[in-house]
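*Asks:* Next comes the structure file my_file.pdb, holding PDB, C-alpha atoms, pLDDT in the B column.
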ATOM      1  CA  MET A   1     -35.341  20.432  -8.329  1.00 42.00           C
ATOM      2  CA  ALA A   2     -32.710  20.258 -11.094  1.00 41.00           C
ATOM      3  CA  LEU A   3     -29.929  20.794  -8.545  1.00 39.00           C
ATOM      4  CA  GLY A   4     -31.274  17.952  -6.403  1.00 40.00           C
ATOM      5  CA  ARG A   5     -31.331  15.623  -9.416  1.00 37.00           C
ATOM      6  CA  PHE A   6     -27.755  16.684 -10.330  1.00 33.00           C
ATOM      7  CA  CYS A   7     -26.521  15.933  -6.792  1.00 34.00           C
ATOM      8  CA  LEU A   8     -28.204  12.515  -6.920  1.00 33.00           C
ATOM      9  CA  VAL A   9     -26.553  11.724 -10.265  1.00 32.00           C
ATOM     10  CA  VAL A  10     -23.131  12.800  -8.937  1.00 31.00           C
ATOM     11  CA  ALA A  11     -23.604  10.726  -5.781  1.00 34.00           C
ATOM     12  CA  LEU A  12     -24.618   7.679  -7.839  1.00 32.00           C
ATOM     13  CA  ALA A  13     -21.628   8.150 -10.153  1.00 35.00           C
ATOM     14  CA  PHE A  14     -19.182   8.218  -7.241  1.00 34.00           C
ATOM     15  CA  SER A  15     -20.911   5.213  -5.739  1.00 36.00           C
ATOM     16  CA  ALA A  16     -20.626   3.263  -9.006  1.00 38.00           C
ATOM     17  CA  LEU A  17     -16.911   4.056  -9.250  1.00 39.00           C
ATOM     18  CA  GLY A  18     -16.329   2.798  -5.734  1.00 40.00           C
ATOM     19  CA  ALA A  19     -15.012   6.186  -4.673  1.00 38.00           C
ATOM     20  CA  SER A  20     -15.148   7.247  -1.087  1.00 35.00           C
ATOM     21  CA  VAL A  21     -14.412  10.584   0.487  1.00 32.00           C
ATOM     22  CA  SER A  22     -12.673  10.624   3.824  1.00 32.00           C
ATOM     23  CA  PRO A  23     -10.275  13.003   5.555  1.00 34.00           C
ATOM     24  CA  GLY A  24      -7.673  10.278   6.131  1.00 39.00           C
ATOM     25  CA  PHE A  25      -7.115   6.614   5.382  1.00 40.00           C
ATOM     26  CA  SER A  26      -7.447   4.012   8.081  1.00 44.00           C
ATOM     27  CA  ALA A  27      -7.973   0.299   7.540  1.00 48.00           C
ATOM     28  CA  LYS A  28     -10.483   0.124  10.373  1.00 47.00           C
ATOM     29  CA  ASP A  29     -12.591   2.969   8.880  1.00 51.00           C
ATOM     30  CA  SER A  30     -12.645   1.462   5.389  1.00 53.00           C
ATOM     31  CA  THR A  31     -15.656   0.493   3.321  1.00 62.00           C
ATOM     32  CA  LEU A  32     -16.246  -2.722   1.393  1.00 64.00           C
ATOM     33  CA  THR A  33     -16.104  -2.657  -2.386  1.00 82.00           C
ATOM     34  CA  THR A  34     -16.954  -4.845  -5.368  1.00 86.00           C
ATOM     35  CA  SER A  35     -14.108  -7.232  -4.443  1.00 92.00           C
ATOM     36  CA  GLY A  36     -15.545  -7.552  -0.933  1.00 93.00           C
ATOM     37  CA  LEU A  37     -12.246  -6.302   0.501  1.00 94.00           C
ATOM     38  CA  PRO A  38     -11.703  -3.051   2.387  1.00 95.00           C
ATOM     39  CA  VAL A  39     -10.461   0.131   0.718  1.00 96.00           C
ATOM     40  CA  PRO A  40      -7.960   1.507   1.443  1.00 97.00           C
ATOM     41  CA  ARG A  41      -5.636  -1.472   1.907  1.00 97.00           C
ATOM     42  CA  TYR A  42      -2.014  -2.319   1.194  1.00 98.00           C
ATOM     43  CA  VAL A  43      -0.960  -4.965  -1.325  1.00 98.00           C
ATOM     44  CA  SER A  44       2.194  -5.577  -3.359  1.00 98.00           C
ATOM     45  CA  LEU A  45       3.050  -5.848  -7.029  1.00 98.00           C
ATOM     46  CA  LYS A  46       2.972  -9.442  -8.284  1.00 98.00           C
ATOM     47  CA  SER A  47       5.184  -8.881 -11.333  1.00 96.00           C
ATOM     48  CA  ASP A  48       8.314  -6.952 -12.241  1.00 96.00           C
ATOM     49  CA  HIS A  49       6.432  -5.357 -15.166  1.00 98.00           C
ATOM     50  CA  VAL A  50       3.202  -3.620 -14.126  1.00 98.00           C
ATOM     51  CA  ASN A  51       1.567  -1.051 -16.392  1.00 98.00           C
ATOM     52  CA  VAL A  52      -0.038   1.846 -14.535  1.00 98.00           C
ATOM     53  CA  ARG A  53      -2.783   3.520 -16.540  1.00 98.00           C
ATOM     54  CA  ALA A  54      -4.410   6.934 -16.400  1.00 98.00           C
ATOM     55  CA  GLY A  55      -7.858   5.338 -16.011  1.00 98.00           C
ATOM     56  CA  PRO A  56      -9.514   1.977 -15.286  1.00 98.00           C
ATOM     57  CA  THR A  57      -9.553   0.461 -18.799  1.00 97.00           C
ATOM     58  CA  LYS A  58      -7.011  -0.847 -21.299  1.00 97.00           C
ATOM     59  CA  ASP A  59      -8.088   2.042 -23.567  1.00 98.00           C
ATOM     60  CA  ASN A  60      -6.363   4.477 -21.186  1.00 98.00           C
ATOM     61  CA  ASP A  61      -2.727   5.367 -21.816  1.00 98.00           C
ATOM     62  CA  VAL A  62       0.038   3.709 -19.815  1.00 98.00           C
ATOM     63  CA  ALA A  63       1.271   6.500 -17.543  1.00 97.00           C
ATOM     64  CA  TRP A  64       4.328   4.563 -16.319  1.00 97.00           C
ATOM     65  CA  VAL A  65       5.564   1.031 -15.643  1.00 98.00           C
ATOM     66  CA  TYR A  66       6.626  -0.431 -12.292  1.00 98.00           C
ATOM     67  CA  THR A  67       9.648  -2.695 -12.724  1.00 97.00           C
ATOM     68  CA  ARG A  68      10.020  -4.098  -9.220  1.00 96.00           C
ATOM     69  CA  SER A  69       8.087  -7.134  -8.037  1.00 97.00           C
ATOM     70  CA  GLY A  70       7.034  -6.969  -4.379  1.00 98.00           C
ATOM     71  CA  LEU A  71       6.819  -3.177  -4.200  1.00 98.00           C
ATOM     72  CA  PRO A  72       4.042  -2.153  -1.775  1.00 98.00           C
ATOM     73  CA  VAL A  73       1.150  -0.049  -3.050  1.00 98.00           C
ATOM     74  CA  GLU A  74      -2.045   1.160  -1.414  1.00 98.00           C
ATOM     75  CA  ILE A  75      -5.364   0.453  -3.123  1.00 98.00           C
ATOM     76  CA  THR A  76      -7.446   3.631  -2.850  1.00 98.00           C
ATOM     77  CA  ALA A  77     -10.385   2.712  -5.121  1.00 97.00           C
ATOM     78  CA  GLU A  78     -11.829  -0.117  -7.209  1.00 97.00           C
ATOM     79  CA  PHE A  79     -13.708  -0.144 -10.497  1.00 96.00           C
ATOM     80  CA  GLU A  80     -14.682  -3.580 -11.795  1.00 96.00           C
ATOM     81  CA  ASN A  81     -11.343  -5.475 -12.143  1.00 97.00           C
ATOM     82  CA  TRP A  82      -9.207  -2.338 -11.864  1.00 98.00           C
ATOM     83  CA  ARG A  83      -7.562  -0.938  -8.742  1.00 98.00           C
ATOM     84  CA  ARG A  84      -6.432   2.648  -8.240  1.00 98.00           C
ATOM     85  CA  VAL A  85      -3.113   2.452  -6.411  1.00 98.00           C
ATOM     86  CA  ARG A  86      -0.798   4.921  -4.707  1.00 98.00           C
ATOM     87  CA  ASP A  87       2.892   4.246  -4.132  1.00 98.00           C
ATOM     88  CA  SER A  88       5.222   5.419  -1.364  1.00 97.00           C
ATOM     89  CA  GLU A  89       6.071   8.559  -3.349  1.00 96.00           C
ATOM     90  CA  GLY A  90       2.389   9.510  -3.752  1.00 97.00           C
ATOM     91  CA  ALA A  91       2.013   8.656  -7.449  1.00 98.00           C
ATOM     92  CA  GLU A  92      -1.437   7.279  -8.346  1.00 98.00           C
ATOM     93  CA  GLY A  93      -2.782   5.308 -11.262  1.00 98.00           C
ATOM     94  CA  TRP A  94      -4.889   2.307 -12.254  1.00 98.00           C
ATOM     95  CA  VAL A  95      -3.607  -1.298 -12.292  1.00 98.00           C
ATOM     96  CA  TYR A  96      -5.380  -4.480 -13.394  1.00 98.00           C
ATOM     97  CA  HIS A  97      -6.231  -6.581 -10.308  1.00 98.00           C
ATOM     98  CA  SER A  98      -4.368  -9.737 -11.391  1.00 98.00           C
ATOM     99  CA  LEU A  99      -1.054  -7.831 -11.275  1.00 98.00           C
ATOM    100  CA  LEU A 100      -1.443  -7.302  -7.512  1.00 98.00           C
ATOM    101  CA  SER A 101      -0.751  -9.689  -4.644  1.00 98.00           C
ATOM    102  CA  GLY A 102      -2.090  -9.820  -1.094  1.00 97.00           C
ATOM    103  CA  ARG A 103       1.473 -10.501   0.127  1.00 98.00           C
ATOM    104  CA  ARG A 104       2.412  -7.725   2.548  1.00 98.00           C
ATOM    105  CA  THR A 105       5.577  -5.773   1.975  1.00 98.00           C
ATOM    106  CA  ALA A 106       6.798  -2.384   3.155  1.00 98.00           C
ATOM    107  CA  VAL A 107       9.378   0.246   2.266  1.00 98.00           C
ATOM    108  CA  ILE A 108      11.772   1.486   4.956  1.00 98.00           C
ATOM    109  CA  THR A 109      11.296   5.230   5.505  1.00 95.00           C
ATOM    110  CA  MET A 110      13.588   7.649   7.274  1.00 92.00           C
ATOM    111  CA  LYS A 111      13.544  11.416   7.871  1.00 89.00           C
ATOM    112  CA  ALA A 112      16.948  11.780   6.195  1.00 89.00           C
ATOM    113  CA  LYS A 113      17.869   9.657   3.163  1.00 82.00           C
ATOM    114  CA  ASP A 114      21.333   8.864   4.571  1.00 89.00           C
ATOM    115  CA  GLU A 115      19.965   7.770   7.967  1.00 95.00           C
ATOM    116  CA  LEU A 116      19.803   4.022   8.695  1.00 97.00           C
ATOM    117  CA  ALA A 117      16.908   2.241  10.430  1.00 97.00           C
ATOM    118  CA  PRO A 118      17.936  -0.227  13.148  1.00 97.00           C
ATOM    119  CA  LEU A 119      16.566  -3.758  12.891  1.00 98.00           C
ATOM    120  CA  TYR A 120      16.372  -5.489  16.286  1.00 98.00           C
ATOM    121  CA  ASP A 121      16.504  -9.133  17.355  1.00 98.00           C
ATOM    122  CA  ARG A 122      13.264  -8.647  19.322  1.00 98.00           C
ATOM    123  CA  ALA A 123      10.449  -6.086  19.444  1.00 97.00           C
ATOM    124  CA  ASP A 124      12.433  -4.158  22.043  1.00 97.00           C
ATOM    125  CA  PRO A 125      14.798  -1.211  21.467  1.00 97.00           C
ATOM    126  CA  SER A 126      17.139  -2.548  24.182  1.00 98.00           C
ATOM    127  CA  SER A 127      17.673  -5.837  22.273  1.00 98.00           C
ATOM    128  CA  ALA A 128      20.642  -6.335  19.962  1.00 98.00           C
ATOM    129  CA  VAL A 129      20.679  -4.584  16.588  1.00 98.00           C
ATOM    130  CA  SER A 130      20.856  -7.270  13.893  1.00 97.00           C
ATOM    131  CA  ALA A 131      21.060  -4.923  10.887  1.00 97.00           C
ATOM    132  CA  ARG A 132      20.710  -1.322   9.765  1.00 97.00           C
ATOM    133  CA  LEU A 133      18.521  -0.710   6.727  1.00 97.00           C
ATOM    134  CA  GLN A 134      18.617   2.164   4.245  1.00 96.00           C
ATOM    135  CA  ALA A 135      15.547   4.179   3.287  1.00 95.00           C
ATOM    136  CA  GLY A 136      13.911   2.573   0.249  1.00 95.00           C
ATOM    137  CA  VAL A 137      14.697  -1.036   1.171  1.00 97.00           C
ATOM    138  CA  VAL A 138      11.684  -3.274   0.502  1.00 98.00           C
ATOM    139  CA  ALA A 139      10.973  -5.947   3.111  1.00 98.00           C
ATOM    140  CA  GLN A 140       8.343  -8.641   3.486  1.00 98.00           C
ATOM    141  CA  VAL A 141       6.124  -7.971   6.514  1.00 98.00           C
ATOM    142  CA  LYS A 142       5.657 -11.152   8.575  1.00 98.00           C
ATOM    143  CA  LYS A 143       3.936  -9.759  11.677  1.00 98.00           C
ATOM    144  CA  CYS A 144       3.021  -6.428  13.295  1.00 98.00           C
ATOM    145  CA  THR A 145       1.909  -5.916  16.869  1.00 96.00           C
ATOM    146  CA  ALA A 146       2.159  -3.191  19.518  1.00 96.00           C
ATOM    147  CA  GLY A 147       4.002  -0.735  17.252  1.00 97.00           C
ATOM    148  CA  TRP A 148       6.608  -3.231  16.010  1.00 98.00           C
ATOM    149  CA  CYS A 149       6.857  -5.295  12.817  1.00 98.00           C
ATOM    150  CA  ARG A 150       8.923  -8.366  12.014  1.00 98.00           C
ATOM    151  CA  VAL A 151      10.344  -7.960   8.524  1.00 98.00           C
ATOM    152  CA  ILE A 152      12.523 -10.190   6.390  1.00 98.00           C
ATOM    153  CA  GLY A 153      14.505  -9.767   3.224  1.00 97.00           C
ATOM    154  CA  ILE A 154      17.674 -10.936   1.557  1.00 95.00           C
ATOM    155  CA  GLY A 155      20.266 -10.939   4.340  1.00 95.00           C
ATOM    156  CA  PHE A 156      18.065  -9.657   7.160  1.00 98.00           C
ATOM    157  CA  ASP A 157      15.338 -10.788   9.566  1.00 98.00           C
ATOM    158  CA  GLY A 158      14.271  -8.800  12.595  1.00 98.00           C
ATOM    159  CA  TRP A 159      11.981  -6.294  14.251  1.00 98.00           C
ATOM    160  CA  ILE A 160      11.556  -2.639  13.305  1.00 98.00           C
ATOM    161  CA  GLU A 161       9.427   0.169  14.681  1.00 97.00           C
ATOM    162  CA  GLN A 162       6.163   0.251  12.733  1.00 97.00           C
ATOM    163  CA  GLN A 163       6.457   4.003  12.133  1.00 96.00           C
ATOM    164  CA  ARG A 164       9.570   3.330   9.985  1.00 97.00           C
ATOM    165  CA  LEU A 165       7.486   1.454   7.380  1.00 98.00           C
ATOM    166  CA  TRP A 166       5.368   2.598   4.449  1.00 98.00           C
ATOM    167  CA  GLY A 167       3.019  -0.270   3.666  1.00 98.00           C
ATOM    168  CA  VAL A 168       1.524  -0.832   7.129  1.00 98.00           C
ATOM    169  CA  TYR A 169      -1.064   1.418   8.775  1.00 97.00           C
ATOM    170  CA  ALA A 170      -0.326   2.922  12.189  1.00 94.00           C
ATOM    171  CA  ASP A 171      -1.256   0.412  14.910  1.00 89.00           C
ATOM    172  CA  GLU A 172      -2.326  -2.175  12.298  1.00 95.00           C
ATOM    173  CA  LYS A 173      -2.060  -5.800  13.395  1.00 96.00           C
ATOM    174  CA  VAL A 174      -0.552  -8.138  10.789  1.00 96.00           C
ATOM    175  CA  ASP A 175      -0.355 -11.887  11.373  1.00 91.00           C
TER
END
When written as structure tokens, how does the structure in this file appear?
*Replies:*
Amino acid sequence: MALGRFCLVVALAFSALGASVSPGFSAKDSTLTTSGLPVPRYVSLKSDHVNVRAGPTKDNDVAWVYTRSGLPVEITAEFENWRRVRDSEGAEGWVYHSLLSGRRTAVITMKAKDELAPLYDRADPSSAVSARLQAGVVAQVKKCTAGWCRVIGIGFDGWIEQQRLWGVYADEKVD
């Protein structure tokens, strides 16, 4: 009886925190939260000074500070007005919701750091290469369809294979 009550309390606690347990993250398998938006989901940093805290209150210590506006992060949980985020390097912490933007951005990823990602004129590998982007470049995501995304940034605009981006789920459609 006591064990049953303990399990119920633990389940209610996780429910109240907006936590969900799943083997992998997929936008289509997500659950709705207090914001009414799915978790997990990608967003970007609104400011070039974003405090990341150890927990979802201002009483928690600042673990680190992001200093790059537009950096993509993945929201993995919500608690009231706080969002637990994960960045492209796997670091996690809590950010106040007003410091996040729904604007979609992504980081270029490559197997080798010195490898360059081709950016094409069209969503077709036989089209002309308009640029080559380094790993770590942040781009605004304009559209994703059929495994390709149109991205733009300072000095570039073109199509890249979706698998080369951190900030967009596999096979996710972005309009």
*Asks:* Pick out the closest residue to Leu37 of chain A from this set: A:Asp157, A:Asp124, A:Glu78, A:Glu89. Count only C-alpha atoms.
*Replies:*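 Of A:Asp157, A:Asp124, A:Glu78, A:Glu89, the one nearest Leu37 of chain A, counting only C-alpha atoms, is A:Glu78.
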*Asks:* Between atom CA of Ser35 of chain A and atom CA of Trp148 of chain A, what is the distance, to one decimal in Å?
*Replies:*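 Rounded to one decimal, the two atoms are 29.4 Å apart.
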*Asks:* Hey, what comes out of the PyMOL selection byres ((chain A and resi 46) around 9) on this file? Could you write it as an MDAnalysis selection string?
*Replies:* chainID A and resid 44:45 47:50 68:71 98:103
*Asks:* Using all atoms listed in the file, which of the listed residues (A:Gln140, A:Thr76, A:Gln134, A:Thr105) sits closest to Ala91 of chain A?
*Replies:* A:Thr76
*Asks:* Looking at only C-alpha atoms, which of A:Ala63, A:Gly158, A:Gln163, A:Val73 is the one that sits closest to Ser127 of chain A?
*Replies:*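 With only C-alpha atoms as the atom set, the closest residue is A:Gly158.
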*Asks:* One decimal, Å: what's the distance from atom CA of Tyr120 of chain A over to atom CA of Pro40 of chain A, could you say?
*Replies:*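 Answer for the atom CA of Tyr120 of chain A to atom CA of Pro40 of chain A separation: 29.3 Å.
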*Asks:* Convert the output of the PyMOL selection byres ((chain A and resi 75) around 10) on the shown file into explicit residues, formatted as a VMD selection string.
*Replies:* chain A and resid 38 to 44 72 to 74 76 to 78 82 to 87 92 to 95 100
*Asks:* With only C-alpha atoms as the basis for distance, which of A:Phe79, A:Trp159, A:Tyr169, A:Tyr66 is at the shortest distance from Lys142 of chain A?
*Replies:*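 Going through A:Phe79, A:Trp159, A:Tyr169, A:Tyr66 one by one, the smallest distance to Lys142 of chain A is for A:Trp159.
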*Asks:* May I ask for the distance between atom CA of Lys143 of chain A and atom CA of Leu119 of chain A, given in Å to one decimal place?
*Replies:*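 Going from atom CA of Lys143 of chain A over to atom CA of Leu119 of chain A, I get 14.0 Å.
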*Asks:* Could you tell me which residues the PyMOL selection byres ((chain A and resi 171) around 8) grabs in this file, written as a count of residues only?
*Replies:* 8
*Asks:* Measuring atom to atom with all atoms listed in the file, identify which of A:Val151, A:Val62, A:Leu165, A:Val174 is nearest to Asp121 of chain A.
*Replies:*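 Of A:Val151, A:Val62, A:Leu165, A:Val174, the one nearest Asp121 of chain A is A:Val151, counting all atoms listed in the file.
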*Asks:* Could you give me segment 92-119 of chain A completed to N, CA and C atoms, formatted as a tab-separated table (two decimals), in the frame of the given file?
*Replies:*
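Dumped everything to part-v9.tsv:
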chain	number	residue	atom	x	y	z
A	92	GLU	N	-0.22	8.08	-8.25
A	92	GLU	CA	-1.44	7.28	-8.35
A	92	GLU	C	-1.77	6.93	-9.78
A	93	GLY	N	-2.33	5.75	-9.95
A	93	GLY	CA	-2.78	5.31	-11.26
A	93	GLY	C	-3.58	4.02	-11.11
A	94	TRP	N	-4.03	3.49	-12.25
A	94	TRP	CA	-4.89	2.31	-12.25
A	94	TRP	C	-4.12	1.08	-12.73
A	95	VAL	N	-4.29	-0.04	-12.01
A	95	VAL	CA	-3.61	-1.30	-12.29
A	95	VAL	C	-4.65	-2.41	-12.36
A	96	TYR	N	-4.48	-3.34	-13.29
A	96	TYR	CA	-5.38	-4.48	-13.39
A	96	TYR	C	-5.19	-5.39	-12.18
A	97	HIS	N	-6.26	-5.87	-11.59
A	97	HIS	CA	-6.23	-6.58	-10.31
A	97	HIS	C	-5.31	-7.79	-10.29
A	98	SER	N	-5.18	-8.51	-11.40
A	98	SER	CA	-4.37	-9.74	-11.39
A	98	SER	C	-2.87	-9.46	-11.30
A	99	LEU	N	-2.47	-8.20	-11.41
A	99	LEU	CA	-1.05	-7.83	-11.28
A	99	LEU	C	-0.69	-7.48	-9.84
A	100	LEU	N	-1.65	-7.62	-8.92
A	100	LEU	CA	-1.44	-7.30	-7.51
A	100	LEU	C	-1.52	-8.56	-6.66
A	101	SER	N	-0.80	-8.55	-5.56
A	101	SER	CA	-0.75	-9.69	-4.64
A	101	SER	C	-1.13	-9.23	-3.24
A	102	GLY	N	-1.75	-10.12	-2.49
A	102	GLY	CA	-2.09	-9.82	-1.09
A	102	GLY	C	-0.89	-9.93	-0.16
A	103	ARG	N	0.26	-10.38	-0.68
A	103	ARG	CA	1.47	-10.50	0.13
A	103	ARG	C	1.88	-9.12	0.63
A	104	ARG	N	2.11	-9.02	1.94
A	104	ARG	CA	2.41	-7.72	2.55
A	104	ARG	C	3.90	-7.43	2.52
A	105	THR	N	4.22	-6.28	1.98
A	105	THR	CA	5.58	-5.77	1.98
A	105	THR	C	5.55	-4.33	2.44
A	106	ALA	N	6.71	-3.78	2.73
A	106	ALA	CA	6.80	-2.38	3.16
A	106	ALA	C	8.13	-1.80	2.72
A	107	VAL	N	8.16	-0.49	2.59
A	107	VAL	CA	9.38	0.25	2.27
A	107	VAL	C	9.87	0.91	3.55
A	108	ILE	N	11.16	0.82	3.80
A	108	ILE	CA	11.77	1.49	4.96
A	108	ILE	C	11.79	2.99	4.68
A	109	THR	N	11.31	3.77	5.64
A	109	THR	CA	11.30	5.23	5.50
A	109	THR	C	12.11	5.86	6.62
A	110	MET	N	12.79	6.91	6.30
A	110	MET	CA	13.59	7.65	7.27
A	110	MET	C	13.41	9.14	7.01
A	111	LYS	N	13.65	9.96	8.04
A	111	LYS	CA	13.54	11.42	7.87
A	111	LYS	C	14.62	11.92	6.92
A	112	ALA	N	15.84	11.40	7.08
A	112	ALA	CA	16.95	11.78	6.20
A	112	ALA	C	17.33	10.56	5.36
A	113	LYS	N	17.56	10.77	4.07
A	113	LYS	CA	17.87	9.66	3.16
A	113	LYS	C	19.12	8.88	3.57
A	114	ASP	N	20.09	9.54	4.19
A	114	ASP	CA	21.33	8.86	4.57
A	114	ASP	C	21.27	8.23	5.96
A	115	GLU	N	20.15	8.38	6.64
A	115	GLU	CA	19.96	7.77	7.97
A	115	GLU	C	19.63	6.29	7.80
A	116	LEU	N	20.07	5.46	8.74
A	116	LEU	CA	19.80	4.02	8.70
A	116	LEU	C	18.82	3.63	9.79
A	117	ALA	N	17.92	2.72	9.48
A	117	ALA	CA	16.91	2.24	10.43
A	117	ALA	C	17.43	0.99	11.13
A	118	PRO	N	17.47	0.98	12.44
A	118	PRO	CA	17.94	-0.23	13.15
A	118	PRO	C	16.89	-1.34	13.09
A	119	LEU	N	17.38	-2.55	12.89
A	119	LEU	CA	16.57	-3.76	12.89
A	119	LEU	C	17.00	-4.55	14.11
